[in-house]
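Visitor: What follows is a single structure, and I will ask about it in a moment.
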Amino acid sequence: MVLGNTFLRRVALSCGLAVVVLGAGACGAADTTANQPSGAERVATFDGGEVTQGELQEAIDLFAQQSGTGEVEPGSPQYDLAAQQVLPSLVQQEIAVAYAEENNITVSDGDVESEIETIKTQLSEQASASGQELSGDEALNQALEQAGLTEDDLRDDIRSSLPVQKVQERITSDVEPTDEEVRTYYDENADTAYTTPPQRCARHILYGPDQREQAEEAFQRLEDEDADFQEIAREDSQDPGSAEQGGDLGCIGRGETVPNFEEALFNAEEGETVGPVETQFGYHIIRLYEIREEQTQPFDEVEGEIRDQLTAEQQGVAFTEWLAGQEEERNVEYLPAYDPNAAAEETTAAQE
């Protein structure tokens, strides 16, 4: 169950994120009859709201589009499967919307602008992580274009989804991990999540498989004449990824490069130049400029990060439990053909 910013879910494919698609529907008086025309037919009702077939179809269409399954026609097995996946979450979203309306939880223009700024920051950070330096406005415009949305679409999505976020904030505002839980999480995960294995930071000059003699000559120049390693790398190296940076490879851990290169690198002393080292790529001259031993971040450096993570997880669980209670209190009823509980029972019976 994921409730939150619709826009971020829509652009998730272009950002390389996991996608959970939920549609947004209207809220109205409950009615368990189902004799309206197609699209207006109520596929689920509850005290305070409903989900229509049209809203479900819209959500399924979006689900199919972003999951790459293509058009899903009503009555097909694919439609039934998609409905089972989408409808329960759609009902939960509508319950949250109903609660927001009943409790005067509203969205102001300032709320919308604040959310837009948050989105800009997130998208800019994502772009930076992938090697693109984009301002917030540039990252947003790019994402909108990739998602086929306009800024008006964005504002509409925010205005429709923020009430649900505000409901979650109200319901789970007092949910947070204890100091003991935070410390326990650190102790159990320090060796994996917060420990950096030994690394070696190095530069190299790569010569081709038929350039052993040139590699040996360059090595002697570096040893005898104290030549400039970075200058030779820029002039001679056959590695386009590092040549312009003076051969800089950054810091490398074990298992991140080919065996011969790794062995030479991890056996070198800090400041030492070794080579030529033969690999399938050719001949390398390697200069080790820094040794980094295994490092574990201390608890006080990551305590805030862990607390935020556990808070989000616990609040998500608490909100899901609240929604489940609301489903029972509000007497959710599904049109028989759309009842996910009946579908699950049929599947279980068939397996038995």
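Following the order of the structure tokens, chains are lettered A, B, ..., residues in each are numbered from 1, and ligands are numbered from 1.
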Write out as a Markdown table a residue-level contact list of range 159-233 of chain A versus range 320-333 of chain A with cut-off 10 Å: for each qualifying residue the closest pair of atoms and the distance in Å to one decimal, counting only C-alpha atoms, rows sorted by chain and residue number upward.

Guide:
| residue | atom | partner | partner_atom | distance |
| --- | --- | --- | --- | --- |
| A:Gln168 | CA | A:Trp322 | CA | 9.3 |
| A:Ile171 | CA | A:Trp322 | CA | 7.9 |
| A:Thr172 | CA | A:Trp322 | CA | 9.1 |

Visitor: Could you tell me how far CA of Thr196 in chain A sits from CA of Asn260 in chain A, in Å to one decimal place?

Guide: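 These atoms are spaced 22.6 Å apart.
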
Visitor: Pull the helix (DSSP H, G or I) assignments for range 107-141 of chain A out of DSSP run on the backbone, and list those residues as a list in words.

Guide: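 The helix (DSSP H, G or I) subset of range 107-141 of chain A is Asp109, Gly110, Asp111, Val112, Glu113, Ser114, Glu115, Ile116, Glu117, Thr118, Ile119, Lys120, Thr121, Gln122, Leu123, Ser124, Glu125, Gln126, Ala127, Ser128, Ala129, Gly136, Asp137, Glu138, Ala139, Leu140 and Asn141 of chain A.
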
Visitor: Could you give me, as a count of residues only, the residues within 10 Å of range 261-269 of chain A, counting only C-alpha atoms and dropping anything in the same chain fewer than 6 positions from it?

Guide: 23

Visitor: Between CA of Glu102 in chain A and CA of Ile158 in chain A, what distance in Å does the model show, to one decimal?

Guide: 19.5 Å

Visitor: May I have the residues within 7 Å of Arg42 in chain A as a CSV table (one decimal) with N, CA and C atoms, in the first residue's frame, using only C-alpha atoms and disregarding those fewer than 3 positions away in the same chain?

Guide:
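Okay, this is what ended up in around_39.csv:
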chain,number,residue,atom,x,y,z
A,34,ALA,N,-25.8,-1.3,-8.0
A,34,ALA,CA,-24.8,-1.2,-9.1
A,34,ALA,C,-25.5,-1.3,-10.4
A,45,THR,N,-18.0,0.4,-2.4
A,45,THR,CA,-18.6,1.4,-1.6
A,45,THR,C,-18.2,1.3,-0.2
A,50,GLU,N,-16.9,6.0,-2.3
A,50,GLU,CA,-17.1,4.9,-3.3
A,50,GLU,C,-16.0,5.0,-4.3
A,51,VAL,N,-15.9,3.9,-5.1
A,51,VAL,CA,-15.0,3.8,-6.2
A,51,VAL,C,-15.8,3.3,-7.4
A,52,THR,N,-15.8,4.1,-8.5
A,52,THR,CA,-16.6,3.7,-9.7
A,52,THR,C,-15.8,2.9,-10.6
A,53,GLN,N,-16.5,2.2,-11.5
A,53,GLN,CA,-15.8,1.4,-12.5
A,53,GLN,C,-14.9,2.3,-13.4

Visitor: Could you give me, as number ranges by chain, the residues within 12 Å of Gln165 in chain A, counting only C-alpha atoms and dropping anything in the same chain fewer than 4 positions from it?

Guide: A: 2-6, 93, 96-97, 99-100, 105-107, 111, 115, 158-161, 169-173, 315-316, 319

Visitor: Could the residues in this selection be saved with N, CA and C atoms as a PDB file, in the first residue's frame?

Guide:
ATOM      1  N   VAL A   2       0.828   2.032  -1.049  1.00  0.00           N
ATOM      2  CA  VAL A   2       1.628   3.240  -1.115  1.00  0.00           C
ATOM      3  C   VAL A   2       0.709   4.395  -1.430  1.00  0.00           C
ATOM      4  N   LEU A   3       0.669   5.360  -0.555  1.00  0.00           N
ATOM      5  CA  LEU A   3      -0.067   6.584  -0.805  1.00  0.00           C
ATOM      6  C   LEU A   3       0.945   7.710  -0.797  1.00  0.00           C
ATOM      7  N   GLY A   4       0.736   8.703  -1.643  1.00  0.00           N
ATOM      8  CA  GLY A   4       1.677   9.809  -1.641  1.00  0.00           C
ATOM      9  C   GLY A   4       1.570  10.576  -2.917  1.00  0.00           C
ATOM     10  N   ASN A   5       2.672  11.164  -3.340  1.00  0.00           N
ATOM     11  CA  ASN A   5       2.632  12.082  -4.449  1.00  0.00           C
ATOM     12  C   ASN A   5       2.422  11.366  -5.768  1.00  0.00           C
ATOM     13  N   THR A   6       1.299  11.645  -6.408  1.00  0.00           N
ATOM     14  CA  THR A   6       0.953  10.987  -7.666  1.00  0.00           C
ATOM     15  C   THR A   6       1.957  11.311  -8.753  1.00  0.00           C
ATOM     16  N   GLN A  93      -7.195   4.518  -0.598  1.00  0.00           N
ATOM     17  CA  GLN A  93      -6.935   5.923  -0.896  1.00  0.00           C
ATOM     18  C   GLN A  93      -8.214   6.741  -0.748  1.00  0.00           C
ATOM     19  N   ALA A  96      -9.040   7.438   2.832  1.00  0.00           N
ATOM     20  CA  ALA A  96      -8.238   8.535   3.367  1.00  0.00           C
ATOM     21  C   ALA A  96      -8.764   9.881   2.878  1.00  0.00           C
ATOM     22  N   VAL A  97      -9.171   9.950   1.617  1.00  0.00           N
ATOM     23  CA  VAL A  97      -9.745  11.195   1.075  1.00  0.00           C
ATOM     24  C   VAL A  97     -11.027  11.553   1.820  1.00  0.00           C
ATOM     25  N   TYR A  99     -11.857  10.711   4.875  1.00  0.00           N
ATOM     26  CA  TYR A  99     -11.477  11.150   6.216  1.00  0.00           C
ATOM     27  C   TYR A  99     -11.009  12.604   6.181  1.00  0.00           C
ATOM     28  N   ALA A 100     -10.216  12.956   5.165  1.00  0.00           N
ATOM     29  CA  ALA A 100      -9.724  14.329   5.047  1.00  0.00           C
ATOM     30  C   ALA A 100     -10.889  15.305   4.918  1.00  0.00           C
ATOM     31  N   ILE A 105      -9.472  18.597   6.511  1.00  0.00           N
ATOM     32  CA  ILE A 105      -8.054  18.602   6.158  1.00  0.00           C
ATOM     33  C   ILE A 105      -7.950  19.074   4.717  1.00  0.00           C
ATOM     34  N   THR A 106      -7.435  20.266   4.528  1.00  0.00           N
ATOM     35  CA  THR A 106      -7.433  20.895   3.209  1.00  0.00           C
ATOM     36  C   THR A 106      -6.004  21.198   2.751  1.00  0.00           C
ATOM     37  N   VAL A 107      -5.905  21.615   1.505  1.00  0.00           N
ATOM     38  CA  VAL A 107      -4.614  21.936   0.896  1.00  0.00           C
ATOM     39  C   VAL A 107      -4.631  23.389   0.438  1.00  0.00           C
ATOM     40  N   ASP A 111       0.835  25.069   0.400  1.00  0.00           N
ATOM     41  CA  ASP A 111       1.165  23.646   0.499  1.00  0.00           C
ATOM     42  C   ASP A 111       1.617  23.114  -0.852  1.00  0.00           C
ATOM     43  N   GLU A 115       5.351  21.674  -1.887  1.00  0.00           N
ATOM     44  CA  GLU A 115       5.551  20.339  -2.446  1.00  0.00           C
ATOM     45  C   GLU A 115       6.296  20.401  -3.769  1.00  0.00           C
ATOM     46  N   ILE A 158      -0.780  17.138  -7.157  1.00  0.00           N
ATOM     47  CA  ILE A 158      -0.385  17.493  -5.794  1.00  0.00           C
ATOM     48  C   ILE A 158      -1.616  17.836  -4.963  1.00  0.00           C
ATOM     49  N   ARG A 159      -2.495  18.638  -5.545  1.00  0.00           N
ATOM     50  CA  ARG A 159      -3.677  19.071  -4.791  1.00  0.00           C
ATOM     51  C   ARG A 159      -4.568  17.890  -4.429  1.00  0.00           C
ATOM     52  N   SER A 160      -4.601  16.856  -5.274  1.00  0.00           N
ATOM     53  CA  SER A 160      -5.445  15.696  -4.983  1.00  0.00           C
ATOM     54  C   SER A 160      -4.781  14.713  -4.039  1.00  0.00           C
ATOM     55  N   SER A 161      -3.438  14.675  -4.025  1.00  0.00           N
ATOM     56  CA  SER A 161      -2.750  13.675  -3.202  1.00  0.00           C
ATOM     57  C   SER A 161      -2.328  14.198  -1.836  1.00  0.00           C
ATOM     58  N   GLU A 169       0.025  11.952   8.091  1.00  0.00           N
ATOM     59  CA  GLU A 169       0.801  12.698   9.082  1.00  0.00           C
ATOM     60  C   GLU A 169       0.019  12.850  10.384  1.00  0.00           C
ATOM     61  N   ARG A 170      -1.283  13.114  10.272  1.00  0.00           N
ATOM     62  CA  ARG A 170      -2.078  13.287  11.490  1.00  0.00           C
ATOM     63  C   ARG A 170      -2.218  11.964  12.243  1.00  0.00           C
ATOM     64  N   ILE A 171      -2.491  10.901  11.521  1.00  0.00           N
ATOM     65  CA  ILE A 171      -2.744   9.609  12.167  1.00  0.00           C
ATOM     66  C   ILE A 171      -1.485   9.054  12.816  1.00  0.00           C
ATOM     67  N   THR A 172      -0.331   9.309  12.208  1.00  0.00           N
ATOM     68  CA  THR A 172       0.910   8.666  12.676  1.00  0.00           C
ATOM     69  C   THR A 172       1.882   9.652  13.317  1.00  0.00           C
ATOM     70  N   SER A 173       1.412  10.830  13.680  1.00  0.00           N
ATOM     71  CA  SER A 173       2.325  11.878  14.159  1.00  0.00           C
ATOM     72  C   SER A 173       3.089  11.476  15.414  1.00  0.00           C
ATOM     73  N   GLN A 315       5.739   4.432  10.690  1.00  0.00           N
ATOM     74  CA  GLN A 315       4.543   5.206  10.357  1.00  0.00           C
ATOM     75  C   GLN A 315       3.795   4.573   9.195  1.00  0.00           C
ATOM     76  N   GLY A 316       4.511   3.998   8.250  1.00  0.00           N
ATOM     77  CA  GLY A 316       3.850   3.297   7.156  1.00  0.00           C
ATOM     78  C   GLY A 316       3.047   2.114   7.647  1.00  0.00           C
ATOM     79  N   PHE A 319      -0.036   3.404   9.545  1.00  0.00           N
ATOM     80  CA  PHE A 319      -1.075   3.933   8.662  1.00  0.00           C
ATOM     81  C   PHE A 319      -1.808   2.799   7.952  1.00  0.00           C
TER      82      PHE A 319
END

Visitor: Choose the residue, out of A:Glu101, A:Glu180, A:Glu217, A:Asp153, that has the smallest atom-to-atom separation from Lys166 in chain A; count only C-alpha atoms.

Guide: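 Residue with the minimum atom-to-atom distance to Lys166 in chain A: A:Glu101.
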